Amino acid sequence: MKIAVAGLGPVGLANAIMLAHRNEVVAFDSNPLKVAAIQAGECPIADPDCARALSAVAAALSATNDVHDACVGAQFLIVATPTDYDAQTHAFDTSSIESVVREALACNPELTIIIRSTVPVGYTRGLRAVTGHKAIVPAPDFLRETFSLSDAMYPARIVVGDRGAMGESVGALLRDCAMRNDVPVILAAPDEAEAVKLFANTFLGMRVAFFNELDSIAMASGFDPREVIEGLARDPRVGAGHNNPSFGYSGLCLPKDGRQLLANFDNVPQDLMRAIVDSNDARKSFLADRIAETGATTVGIYRLTRSDTSENLRESAVQDLMEKLAARGVEMIIYEPVWRSEEFAGYRVERDFARFSREADLIVANRLSPELRPMAAKVFTRDLFGVN
Amino acid sequence: MKVAVIGLGIVALADAIVFARKHEVVVTGPVPDRVDAINARIFPLDEPDLAEFLAGNALNLRATLDTVDALRGADLVLVSAPISRDPETGMIRTVELESRIEFVHRHYPNVPIVIRSAVPVGFCDQMRQTLRSASLVYVPEFRREGNLLADALNPGFLIVGDRGELGARVGAALAAATDVGDLQIHRMGAAEAEAVKHFSQAYLAARVAFFNECDTFAMQHGLDARLIIDAVTLDPRIGGFARNPCFGFSGQRLPQSLNLLSQAFMDVPARVMNSVTSANDTRITLLASKVLEKTPRHIGVYNPQGTHRGSDTITQLQDRLRASGTRVTVFDRIAGQGDPEFEIFKRGCDVIVANRMSPELRDIRDKVFCRDLYATG
């Protein structure tokens, strides 16, 4: 069976590799570099798991810039294009999905379209109405960023937004490519499937926010947050994981999914959902105050990415923190080896770590890395456990 | 070993029963009825498991009104007392607990005193300072309401608020009194142990509030709340426990911990924790309007847990419904088989509000308003 995959970001690539174990997959992306990489058998994103897995499925996976090539003769189209939250419209920017779907349907009106991008609640119903195409089904991905392939291969559940035969065939397609044969497949109404994704990520956002609030309280009152968090981890109803304090929950999903869910609540009365969204900003303001209070003349920002393992500069909490420090008149320099330019947001980027650490009298780091250990006394971090 | 337990509340009595299996225990407090009941092997509170255990086991346990008598020769003293909130100022009142601790300390300054009530963060350190006592230690309990006996006998973990020798000794004594052979003892500072207790409650309250808002969302959008919650909680990082929507988190402990935390740290921007209480109110308001949408003439509130158990959310809901001018009848005890009063109650009301579905409501299911998505009844 031939399957088209739209988008070669982490979600699209992991899906393409997963499906290529049993199907012929043609991926397409507007970025010619990504297409060329796949054609050359190379991994288009920095993801060691995907890079390793690519060679095993090379014969069944190809890429193209041409929607027509990808979609003609295909039975399914997987849509995994990015949807960023637009603060102006208070909704995800779903234009990439709409244009892909229209182009694909022009080439092949028989396609069953599976939306794996994260979308607002009610989006798929709307898309069915405006395109007049009934065979559009949301099946949200639940991939973690650095584990995208293993999460795609070993899903905890498959949620499909159609209760009928179409939903069953989509569920079977995704389940048959998974590496565990007991994956629960949940057939839901489209709005329900969309909501599951937003609620799941917002719950995780709440958990991160909760431990960050605990940490803020600890900083203000003087108890040891490490002991408290370790104690809480013993309580099975609280548990471990996602409990290492940080500058805020970040990443491509958690912040935007929380905001989208809040927008979808619309007139439905709530307090907690708003608080989960607001908590992140409040945390950064609180930390910016603590950093400004130190009176450091030059604050060194260590890495603009979220962690050592991520090369993604989008939606990183440290950049929001920088904005708040700038508003408090704090002078900053930045250490970010993957940033190729001399400046970032008007601040000097230093690529020489030795010079950076000499010049900064306080180093702000979301996560501690080994190279910071020797100068621990001048590092400001809330990383208590050395994990992400 | 002789153990003195000061306090006649649920925490104290569960402690007394656990210790009295292997040690001599004397429990004391100023409530004659409860003292008499315990000496007659009748459990004075509504806890069937503990009542059965007290009646059916040979325990070295007696109760007395005389604190001095209870303390004489004790090797270990466990202290608890009701902690209340001043309705005027909102301040937490620990006066009763403080006076009990002072009394023990004055008579036996060297006997370890274990605080068992959920005290505000910083309380134990402050008492140590005021009394210049080196024998005071805070050990929180994490028993679940409805599962008290099992959790008292088989706790999953033990947190002791003292890093030194006293903590080691007290921890070992408390662990040895349980049925768990190799109970993990986690020692930490006093303030840290106090914080663990409250943050644990606060986390659960936030979790309950989250799934309640999820339920509200589904209800208002016409979606299947059970399906959404099932699918969300299949994520092992989220887990399937404590996910059944309700009218609002209740029990006495959850709201108290939140109050304590928000009072102590008002200047820290803790948005999630501070929103949980208001989320509860918002939910109650919405649910009241959902009930009234049905334009009932006579609303029944079935609250089998009774009003004494801090089931404050159903009381709040009941008050909102009454405020609308609609006739409200409350049935606040467990209905027995074919209970004639209950039959009249069921027939007379056109909507019956219940936090949880139960078998005795099955025949009038269509009249029942509840958000119990995982009903077993």
# chains A, B, ... in the order shown; residues from 1 in each chain; ligands from 1
call {"tool": "select_by_dssp", "arguments": {"residues": "stretch 222-319 of chain A", "states": "alpha helix (DSSP H)", "output": "number ranges by chain"}}
result
A: 225-234, 254-265, 272-293, 317-319
call {"tool": "write_last_selection", "arguments": {"atoms": "N, CA and C atoms", "output": "compact mmCIF listing (two decimals), in the first residue's frame"}}
result
# COMPACT_ATOMS: atom_id res chain seq x y z
N PRO A 225 14.05 22.30 48.32
CA PRO A 225 13.10 21.72 47.37
C PRO A 225 13.49 20.30 46.94
N ARG A 226 14.80 20.02 46.95
CA ARG A 226 15.23 18.69 46.52
C ARG A 226 14.67 17.61 47.45
N GLU A 227 14.82 17.84 48.75
CA GLU A 227 14.29 16.86 49.71
C GLU A 227 12.79 16.70 49.57
N VAL A 228 12.10 17.82 49.38
CA VAL A 228 10.64 17.76 49.29
C VAL A 228 10.21 17.01 48.03
N ILE A 229 10.86 17.30 46.91
CA ILE A 229 10.47 16.64 45.66
C ILE A 229 10.81 15.15 45.73
N GLU A 230 11.94 14.83 46.33
CA GLU A 230 12.28 13.40 46.48
C GLU A 230 11.29 12.71 47.40
N GLY A 231 10.89 13.41 48.47
CA GLY A 231 9.88 12.84 49.37
C GLY A 231 8.56 12.61 48.65
N LEU A 232 8.16 13.59 47.84
CA LEU A 232 6.90 13.47 47.10
C LEU A 232 6.95 12.31 46.11
N ALA A 233 8.12 12.07 45.55
CA ALA A 233 8.25 11.00 44.56
C ALA A 233 7.97 9.63 45.20
N ARG A 234 8.14 9.54 46.53
CA ARG A 234 7.84 8.27 47.22
C ARG A 234 6.35 8.00 47.25
N LEU A 254 3.99 21.67 24.83
CA LEU A 254 3.29 22.00 26.07
C LEU A 254 2.77 23.43 26.12
N PRO A 255 3.60 24.45 25.84
CA PRO A 255 3.07 25.81 25.97
C PRO A 255 1.93 26.09 24.99
N LYS A 256 2.10 25.69 23.75
CA LYS A 256 1.07 26.05 22.77
C LYS A 256 -0.19 25.23 22.96
N ASP A 257 -0.05 23.98 23.38
CA ASP A 257 -1.25 23.16 23.56
C ASP A 257 -2.09 23.66 24.73
N GLY A 258 -1.43 24.12 25.78
CA GLY A 258 -2.16 24.69 26.91
C GLY A 258 -2.92 25.93 26.48
N ARG A 259 -2.26 26.79 25.70
CA ARG A 259 -2.93 28.01 25.24
C ARG A 259 -4.10 27.70 24.32
N GLN A 260 -3.89 26.71 23.44
CA GLN A 260 -4.98 26.35 22.53
C GLN A 260 -6.17 25.78 23.31
N LEU A 261 -5.87 24.94 24.29
CA LEU A 261 -6.97 24.35 25.07
C LEU A 261 -7.74 25.43 25.81
N LEU A 262 -7.00 26.36 26.38
CA LEU A 262 -7.66 27.47 27.08
C LEU A 262 -8.58 28.23 26.12
N ALA A 263 -8.08 28.46 24.88
CA ALA A 263 -8.91 29.15 23.89
C ALA A 263 -10.15 28.32 23.57
N ASN A 264 -10.00 27.00 23.51
CA ASN A 264 -11.15 26.14 23.22
C ASN A 264 -12.17 26.10 24.36
N PHE A 265 -11.72 26.37 25.59
CA PHE A 265 -12.68 26.43 26.70
C PHE A 265 -13.67 27.56 26.47
N LEU A 272 -8.41 26.52 36.56
CA LEU A 272 -7.12 25.84 36.53
C LEU A 272 -6.43 25.97 35.17
N MET A 273 -7.20 25.86 34.08
CA MET A 273 -6.58 25.89 32.76
C MET A 273 -5.88 27.24 32.54
N ARG A 274 -6.55 28.31 32.96
CA ARG A 274 -5.94 29.65 32.86
C ARG A 274 -4.68 29.71 33.72
N ALA A 275 -4.77 29.13 34.91
CA ALA A 275 -3.63 29.17 35.83
C ALA A 275 -2.43 28.41 35.28
N ILE A 276 -2.69 27.30 34.59
CA ILE A 276 -1.58 26.51 34.03
C ILE A 276 -0.83 27.35 33.00
N VAL A 277 -1.59 28.07 32.19
CA VAL A 277 -0.96 28.93 31.18
C VAL A 277 -0.21 30.08 31.86
N ASP A 278 -0.85 30.72 32.84
CA ASP A 278 -0.24 31.88 33.48
C ASP A 278 0.96 31.52 34.36
N SER A 279 0.94 30.32 34.90
CA SER A 279 1.97 29.91 35.84
C SER A 279 3.37 30.04 35.24
N ASN A 280 3.45 29.69 33.96
CA ASN A 280 4.75 29.68 33.30
C ASN A 280 5.36 31.08 33.25
N ASP A 281 4.53 32.05 32.92
CA ASP A 281 5.02 33.41 32.83
C ASP A 281 5.36 33.95 34.22
N ALA A 282 4.53 33.61 35.18
CA ALA A 282 4.77 34.07 36.55
C ALA A 282 6.09 33.50 37.08
N ARG A 283 6.38 32.28 36.74
CA ARG A 283 7.62 31.64 37.17
C ARG A 283 8.83 32.41 36.62
N LYS A 284 8.75 32.77 35.35
CA LYS A 284 9.88 33.46 34.73
C LYS A 284 10.06 34.85 35.33
N SER A 285 8.96 35.53 35.62
CA SER A 285 9.07 36.85 36.26
C SER A 285 9.72 36.71 37.64
N PHE A 286 9.30 35.69 38.36
CA PHE A 286 9.84 35.45 39.70
C PHE A 286 11.36 35.21 39.62
N LEU A 287 11.77 34.38 38.66
CA LEU A 287 13.20 34.08 38.53
C LEU A 287 13.97 35.30 38.05
N ALA A 288 13.36 36.07 37.14
CA ALA A 288 14.04 37.27 36.65
C ALA A 288 14.31 38.23 37.82
N ASP A 289 13.34 38.33 38.73
CA ASP A 289 13.54 39.18 39.91
C ASP A 289 14.71 38.67 40.76
N ARG A 290 14.76 37.34 40.96
CA ARG A 290 15.84 36.77 41.78
C ARG A 290 17.21 37.03 41.13
N ILE A 291 17.26 36.90 39.79
CA ILE A 291 18.52 37.10 39.08
C ILE A 291 18.93 38.57 39.15
N ALA A 292 17.96 39.45 38.90
CA ALA A 292 18.26 40.89 38.95
C ALA A 292 18.74 41.30 40.34
N GLU A 293 18.16 40.69 41.38
CA GLU A 293 18.53 41.00 42.76
C GLU A 293 20.00 40.72 43.08
N ALA A 317 12.34 28.31 27.23
CA ALA A 317 11.98 29.17 28.35
C ALA A 317 13.02 30.25 28.58
N VAL A 318 14.29 29.92 28.28
CA VAL A 318 15.35 30.88 28.60
C VAL A 318 15.20 32.16 27.78
N GLN A 319 14.63 32.05 26.59
CA GLN A 319 14.46 33.25 25.77
C GLN A 319 13.40 34.19 26.37
call {"tool": "residues_around", "arguments": {"residues": "B:Arg41", "least_positions_apart": "5", "cutoff": "12 Å", "atoms": "only C-alpha atoms", "output": "PyMOL selection string"}}
result
chain B and resi 13+17+34-36+50-63
call {"tool": "write_last_selection", "arguments": {"atoms": "N, CA and C atoms", "output": "PDB file, in the first residue's frame"}}
result
ATOM      1  N   LEU B  13      -6.223   7.723  66.706  1.00  0.00           N
ATOM      2  CA  LEU B  13      -6.791   6.413  67.010  1.00  0.00           C
ATOM      3  C   LEU B  13      -6.232   5.326  66.093  1.00  0.00           C
ATOM      4  N   ILE B  17      -4.147   2.043  67.504  1.00  0.00           N
ATOM      5  CA  ILE B  17      -4.481   0.655  67.166  1.00  0.00           C
ATOM      6  C   ILE B  17      -3.277  -0.064  66.558  1.00  0.00           C
ATOM      7  N   ARG B  34     -15.733   9.380  73.963  1.00  0.00           N
ATOM      8  CA  ARG B  34     -14.789   8.622  73.126  1.00  0.00           C
ATOM      9  C   ARG B  34     -13.910   7.722  73.983  1.00  0.00           C
ATOM     10  N   VAL B  35     -13.496   8.254  75.133  1.00  0.00           N
ATOM     11  CA  VAL B  35     -12.658   7.458  76.046  1.00  0.00           C
ATOM     12  C   VAL B  35     -13.412   6.195  76.474  1.00  0.00           C
ATOM     13  N   ASP B  36     -14.665   6.371  76.879  1.00  0.00           N
ATOM     14  CA  ASP B  36     -15.478   5.229  77.297  1.00  0.00           C
ATOM     15  C   ASP B  36     -15.648   4.232  76.151  1.00  0.00           C
ATOM     16  N   LEU B  50     -11.735   0.197  60.853  1.00  0.00           N
ATOM     17  CA  LEU B  50     -11.074   0.361  62.143  1.00  0.00           C
ATOM     18  C   LEU B  50     -11.953  -0.175  63.272  1.00  0.00           C
ATOM     19  N   ALA B  51     -13.256   0.027  63.156  1.00  0.00           N
ATOM     20  CA  ALA B  51     -14.187  -0.458  64.178  1.00  0.00           C
ATOM     21  C   ALA B  51     -14.083  -1.979  64.298  1.00  0.00           C
ATOM     22  N   GLU B  52     -14.079  -2.627  63.166  1.00  0.00           N
ATOM     23  CA  GLU B  52     -14.007  -4.089  63.145  1.00  0.00           C
ATOM     24  C   GLU B  52     -12.679  -4.564  63.727  1.00  0.00           C
ATOM     25  N   PHE B  53     -11.620  -3.869  63.374  1.00  0.00           N
ATOM     26  CA  PHE B  53     -10.288  -4.251  63.845  1.00  0.00           C
ATOM     27  C   PHE B  53     -10.183  -4.094  65.360  1.00  0.00           C
ATOM     28  N   LEU B  54     -10.739  -2.979  65.855  1.00  0.00           N
ATOM     29  CA  LEU B  54     -10.692  -2.718  67.300  1.00  0.00           C
ATOM     30  C   LEU B  54     -11.488  -3.771  68.071  1.00  0.00           C
ATOM     31  N   ALA B  55     -12.631  -4.127  67.522  1.00  0.00           N
ATOM     32  CA  ALA B  55     -13.497  -5.081  68.217  1.00  0.00           C
ATOM     33  C   ALA B  55     -12.934  -6.502  68.159  1.00  0.00           C
ATOM     34  N   GLY B  56     -12.246  -6.811  67.074  1.00  0.00           N
ATOM     35  CA  GLY B  56     -11.915  -8.215  66.842  1.00  0.00           C
ATOM     36  C   GLY B  56     -10.487  -8.629  67.152  1.00  0.00           C
ATOM     37  N   ASN B  57      -9.667  -7.728  67.670  1.00  0.00           N
ATOM     38  CA  ASN B  57      -8.270  -8.089  67.915  1.00  0.00           C
ATOM     39  C   ASN B  57      -7.869  -7.846  69.369  1.00  0.00           C
ATOM     40  N   ALA B  58      -6.968  -8.682  69.842  1.00  0.00           N
ATOM     41  CA  ALA B  58      -6.449  -8.499  71.197  1.00  0.00           C
ATOM     42  C   ALA B  58      -5.442  -7.362  71.153  1.00  0.00           C
ATOM     43  N   LEU B  59      -5.818  -6.228  71.728  1.00  0.00           N
ATOM     44  CA  LEU B  59      -4.939  -5.060  71.690  1.00  0.00           C
ATOM     45  C   LEU B  59      -4.614  -4.622  73.113  1.00  0.00           C
ATOM     46  N   ASN B  60      -3.368  -4.242  73.325  1.00  0.00           N
ATOM     47  CA  ASN B  60      -2.956  -3.719  74.628  1.00  0.00           C
ATOM     48  C   ASN B  60      -3.224  -2.212  74.626  1.00  0.00           C
ATOM     49  N   LEU B  61      -4.497  -1.870  74.768  1.00  0.00           N
ATOM     50  CA  LEU B  61      -4.913  -0.476  74.567  1.00  0.00           C
ATOM     51  C   LEU B  61      -5.919  -0.050  75.629  1.00  0.00           C
ATOM     52  N   ARG B  62      -5.642   1.100  76.250  1.00  0.00           N
ATOM     53  CA  ARG B  62      -6.690   1.684  77.092  1.00  0.00           C
ATOM     54  C   ARG B  62      -6.728   3.188  76.863  1.00  0.00           C
ATOM     55  N   ALA B  63      -7.858   3.766  77.212  1.00  0.00           N
ATOM     56  CA  ALA B  63      -8.033   5.206  77.037  1.00  0.00           C
ATOM     57  C   ALA B  63      -8.293   5.840  78.390  1.00  0.00           C
TER      58      ALA B  63
END
call {"tool": "residues_around", "arguments": {"residues": "B:Leu97", "least_positions_apart": "5", "cutoff": "8 Å", "atoms": "only C-alpha atoms", "output": "MDAnalysis selection string"}}
result
chainID B and resid 79:83
call {"tool": "write_last_selection", "arguments": {"atoms": "C-alpha atoms", "output": "PDB file, in the first residue's frame"}}
result
ATOM      1  CA  VAL B  79       0.587  14.004  69.534  1.00  0.00           C
ATOM      2  CA  SER B  80      -2.187  15.261  67.314  1.00  0.00           C
ATOM      3  CA  ALA B  81      -4.884  17.881  67.715  1.00  0.00           C
ATOM      4  CA  PRO B  82      -7.508  19.507  65.548  1.00  0.00           C
ATOM      5  CA  ILE B  83      -6.041  22.301  63.441  1.00  0.00           C
TER       6      ILE B  83
END
call {"tool": "interface_residues", "arguments": {"of": "chain B", "to": "chain A", "cutoff": "6 Å", "atoms": "only C-alpha atoms", "output": "list in words"}}
result
Glu192, Val196, Ile228, Val232, Asp235, Pro269, Ala270, Arg271, Val272, Ser275 and Ala279 of chain B
call {"tool": "write_last_selection", "arguments": {"atoms": "C-alpha atoms", "output": "tab-separated table (two decimals), in the first residue's frame"}}
result
chain	number	residue	atom	x	y	z
B	192	GLU	CA	10.74	19.72	54.37
B	196	VAL	CA	5.88	17.13	51.60
B	228	ILE	CA	-11.44	11.58	26.79
B	232	VAL	CA	-5.63	10.92	28.39
B	235	ASP	CA	-0.30	7.89	29.16
B	269	PRO	CA	3.31	33.53	42.18
B	270	ALA	CA	1.87	30.03	42.61
B	271	ARG	CA	-0.93	30.24	40.08
B	272	VAL	CA	-1.78	26.57	39.76
B	275	SER	CA	-6.45	28.35	41.40
B	279	ALA	CA	-11.72	26.03	40.39
call {"tool": "residues_around", "arguments": {"residues": "A:Leu127", "least_positions_apart": "5", "cutoff": "10 Å", "atoms": "only C-alpha atoms", "output": "list in words"}}
result
Ile97, Glu98, Val101, Gly122, Gly132, His133, Lys134 and Ile136 of chain A
call {"tool": "select_by_dssp", "arguments": {"residues": "stretch 63-307 of chain A", "states": "strand (DSSP E or B)", "output": "list in words"}}
result
Ala63, Thr64, Phe76, Leu77, Ile78, Val79, Tyr85, Asp86, Ala91, Phe92, Thr112, Ile113, Ile114, Ile115, Ile136, Val137, Pro138, Ile158, Val159, Val160, Val185, Ile186, Leu187, Val299, Gly300, Ile301 and Tyr302 of chain A
call {"tool": "write_last_selection", "arguments": {"atoms": "C-alpha atoms", "output": "compact mmCIF listing (two decimals), in the first residue's frame"}}
result
# COMPACT_ATOMS: atom_id res chain seq x y z
CA ALA A 63 10.78 11.92 -0.58
CA THR A 64 9.71 14.52 -3.09
CA PHE A 76 -3.69 7.49 2.91
CA LEU A 77 -2.17 10.89 3.47
CA ILE A 78 -0.60 11.55 6.86
CA VAL A 79 -0.51 15.27 7.66
CA TYR A 85 0.00 29.07 18.23
CA ASP A 86 -0.85 32.53 16.99
CA ALA A 91 -5.61 29.76 17.85
CA PHE A 92 -3.18 27.48 16.12
CA THR A 112 -8.16 9.16 3.37
CA ILE A 113 -6.45 12.00 5.23
CA ILE A 114 -5.07 11.43 8.72
CA ILE A 115 -4.30 14.61 10.69
CA ILE A 136 -10.50 13.35 7.07
CA VAL A 137 -9.67 11.83 10.46
CA PRO A 138 -7.70 13.28 13.35
CA ILE A 158 -3.85 5.15 19.44
CA VAL A 159 -6.70 7.64 19.36
CA VAL A 160 -8.67 7.98 16.12
CA VAL A 185 -7.09 1.72 19.88
CA ILE A 186 -9.72 4.24 20.91
CA LEU A 187 -12.27 5.32 18.35
CA VAL A 299 24.70 37.90 33.16
CA GLY A 300 25.80 35.06 30.90
CA ILE A 301 22.99 33.14 29.25
CA TYR A 302 24.16 29.58 28.84
call {"tool": "atom_distance", "arguments": {"atom1": "atom CA of A:Arg303", "atom2": "atom CA of A:Arg367"}}
result
9.1 Å
call {"tool": "atom_distance", "arguments": {"atom1": "atom CA of B:Gly300", "atom2": "atom CA of B:Thr313"}}
result
15.3 Å
call {"tool": "residues_around", "arguments": {"residues": "B:Arg128", "least_positions_apart": "4", "cutoff": "12 Å", "atoms": "only C-alpha atoms", "output": "MDAnalysis selection string"}}
result
chainID B and resid 98 101:102 105 109 112:115 122:124 132:138 162 190:191
call {"tool": "closest_residue", "arguments": {"among": "B:Pro359, B:Leu149, B:Gln316, B:Gly171", "to": "B:Ala335", "atoms": "only C-alpha atoms"}}
result
B:Pro359
call {"tool": "residues_around", "arguments": {"residues": "B:Ala375", "least_positions_apart": "2", "cutoff": "9 Å", "atoms": "only C-alpha atoms", "output": "number ranges by chain"}}
result
B: 244, 356-358, 372-373, 377
call {"tool": "write_last_selection", "arguments": {"atoms": "C-alpha atoms", "output": "compact mmCIF listing (two decimals), in the first residue's frame"}}
result
# COMPACT_ATOMS: atom_id res chain seq x y z
CA ASN B 244 -13.08 10.16 38.26
CA ARG B 356 -21.32 9.10 43.47
CA MET B 357 -23.71 6.65 41.85
CA SER B 358 -24.70 3.81 44.15
CA ASP B 372 -19.50 9.72 38.44
CA LEU B 373 -18.08 8.39 35.16
CA GLY B 377 -22.85 0.83 41.57
call {"tool": "closest_residue", "arguments": {"among": "B:Ala193, B:Ile314, B:Ala288, B:Ile299", "to": "B:Phe345", "atoms": "only C-alpha atoms"}}
result
B:Ile299
call {"tool": "residues_around", "arguments": {"residues": "stretch 318-333 of chain B", "least_positions_apart": "3", "cutoff": "10 Å", "atoms": "only C-alpha atoms", "output": "compact mmCIF listing (two decimals) with N, CA and C atoms, in the first residue's frame"}}
result
# COMPACT_ATOMS: atom_id res chain seq x y z
N ILE B 284 -18.75 24.13 41.19
CA ILE B 284 -20.00 24.02 41.95
C ILE B 284 -21.08 24.93 41.34
N THR B 285 -20.67 26.16 41.01
CA THR B 285 -21.62 27.10 40.41
C THR B 285 -22.19 26.55 39.11
N LEU B 287 -22.31 23.38 38.14
CA LEU B 287 -23.13 22.19 38.37
C LEU B 287 -24.51 22.58 38.92
N ALA B 288 -24.53 23.59 39.79
CA ALA B 288 -25.81 24.04 40.31
C ALA B 288 -26.70 24.52 39.15
N SER B 289 -26.10 25.24 38.22
CA SER B 289 -26.92 25.74 37.11
C SER B 289 -27.38 24.59 36.21
N VAL B 291 -28.14 21.60 37.26
CA VAL B 291 -29.26 20.96 37.96
C VAL B 291 -30.53 21.81 37.77
N LEU B 292 -30.37 23.13 37.92
CA LEU B 292 -31.54 24.01 37.85
C LEU B 292 -32.10 24.10 36.43
N THR B 295 -35.18 22.44 35.63
CA THR B 295 -36.35 23.04 36.29
C THR B 295 -37.07 22.08 37.24
N PRO B 296 -36.34 21.57 38.20
CA PRO B 296 -36.97 20.66 39.16
C PRO B 296 -37.84 21.43 40.14
N ARG B 297 -38.87 20.78 40.64
CA ARG B 297 -39.70 21.39 41.66
C ARG B 297 -39.22 21.00 43.05
N HIS B 298 -38.62 19.81 43.13
CA HIS B 298 -38.18 19.30 44.42
C HIS B 298 -36.86 18.55 44.21
N ILE B 299 -35.78 19.11 44.73
CA ILE B 299 -34.46 18.50 44.53
C ILE B 299 -34.10 17.67 45.76
N GLY B 300 -33.62 16.47 45.53
CA GLY B 300 -33.11 15.64 46.62
C GLY B 300 -31.60 15.63 46.58
N VAL B 301 -30.97 15.73 47.74
CA VAL B 301 -29.51 15.61 47.80
C VAL B 301 -29.21 14.35 48.59
N TYR B 302 -28.60 13.37 47.94
CA TYR B 302 -28.27 12.12 48.63
C TYR B 302 -26.79 12.16 49.01
N ASN B 303 -26.55 12.18 50.31
CA ASN B 303 -25.18 12.32 50.82
C ASN B 303 -24.92 11.24 51.86
N PRO B 304 -24.71 9.99 51.39
CA PRO B 304 -24.64 8.86 52.32
C PRO B 304 -23.47 8.98 53.30
N GLN B 305 -22.48 9.82 52.96
CA GLN B 305 -21.33 9.96 53.85
C GLN B 305 -21.66 10.79 55.09
N GLY B 306 -22.80 11.48 55.03
CA GLY B 306 -23.17 12.32 56.17
C GLY B 306 -22.41 13.62 56.13
N THR B 307 -22.85 14.56 56.93
CA THR B 307 -22.27 15.90 56.86
C THR B 307 -21.01 16.04 57.70
N HIS B 308 -20.81 15.10 58.65
CA HIS B 308 -19.70 15.28 59.58
C HIS B 308 -18.35 15.08 58.92
N ASP B 312 -17.72 18.92 52.16
CA ASP B 312 -18.11 20.32 52.02
C ASP B 312 -18.63 20.66 50.63
N THR B 313 -18.18 19.93 49.60
CA THR B 313 -18.61 20.33 48.26
C THR B 313 -20.09 20.07 48.05
N ILE B 314 -20.56 18.94 48.56
CA ILE B 314 -21.99 18.66 48.36
C ILE B 314 -22.83 19.63 49.20
N THR B 315 -22.29 20.04 50.33
CA THR B 315 -22.99 21.03 51.15
C THR B 315 -23.05 22.36 50.41
N GLY B 336 -30.61 1.97 54.03
CA GLY B 336 -30.63 0.51 54.14
C GLY B 336 -31.55 -0.09 53.10
N GLU B 341 -38.10 5.53 54.53
CA GLU B 341 -37.85 6.97 54.38
C GLU B 341 -37.14 7.28 53.07
N PHE B 342 -36.21 6.39 52.72
CA PHE B 342 -35.46 6.59 51.48
C PHE B 342 -36.37 6.43 50.26
N PHE B 345 -38.24 9.55 49.92
CA PHE B 345 -37.30 10.56 49.40
C PHE B 345 -37.14 10.40 47.89
N LYS B 346 -36.91 9.18 47.45
CA LYS B 346 -36.69 8.92 46.03
C LYS B 346 -37.92 9.26 45.20
N GLY B 348 -40.41 11.31 46.02
CA GLY B 348 -40.85 12.70 46.17
C GLY B 348 -40.03 13.70 45.36
N CYS B 349 -38.77 13.40 45.07
CA CYS B 349 -37.91 14.37 44.39
C CYS B 349 -37.91 14.10 42.90
N VAL B 351 -35.39 15.48 40.88
CA VAL B 351 -33.96 15.33 40.55
C VAL B 351 -33.25 14.96 41.84
N ILE B 352 -32.37 13.96 41.78
CA ILE B 352 -31.61 13.62 42.97
C ILE B 352 -30.13 13.79 42.68
N VAL B 353 -29.51 14.64 43.48
CA VAL B 353 -28.11 14.98 43.29
C VAL B 353 -27.26 14.07 44.17
call {"tool": "decode", "arguments": {"residues": "stretch 85-98 of chain B", "atoms": "C-alpha atoms", "output": "CSV table (one decimal), in the first residue's frame"}}
result
chain,number,residue,atom,x,y,z
B,85,ARG,CA,-8.8,28.0,60.5
B,86,ASP,CA,-10.1,31.2,62.0
B,87,PRO,CA,-13.1,32.1,59.9
B,88,GLU,CA,-12.5,35.8,60.5
B,89,THR,CA,-8.8,36.2,59.8
B,90,GLY,CA,-8.2,33.0,57.8
B,91,MET,CA,-5.2,32.3,60.1
B,92,ILE,CA,-4.4,28.7,61.0
B,93,ARG,CA,-4.9,27.9,64.7
B,94,THR,CA,-2.6,25.4,66.3
B,95,VAL,CA,-3.1,26.6,69.9
B,96,GLU,CA,-4.5,23.2,71.0
B,97,LEU,CA,-1.6,21.3,69.5
B,98,GLU,CA,0.9,23.7,71.0
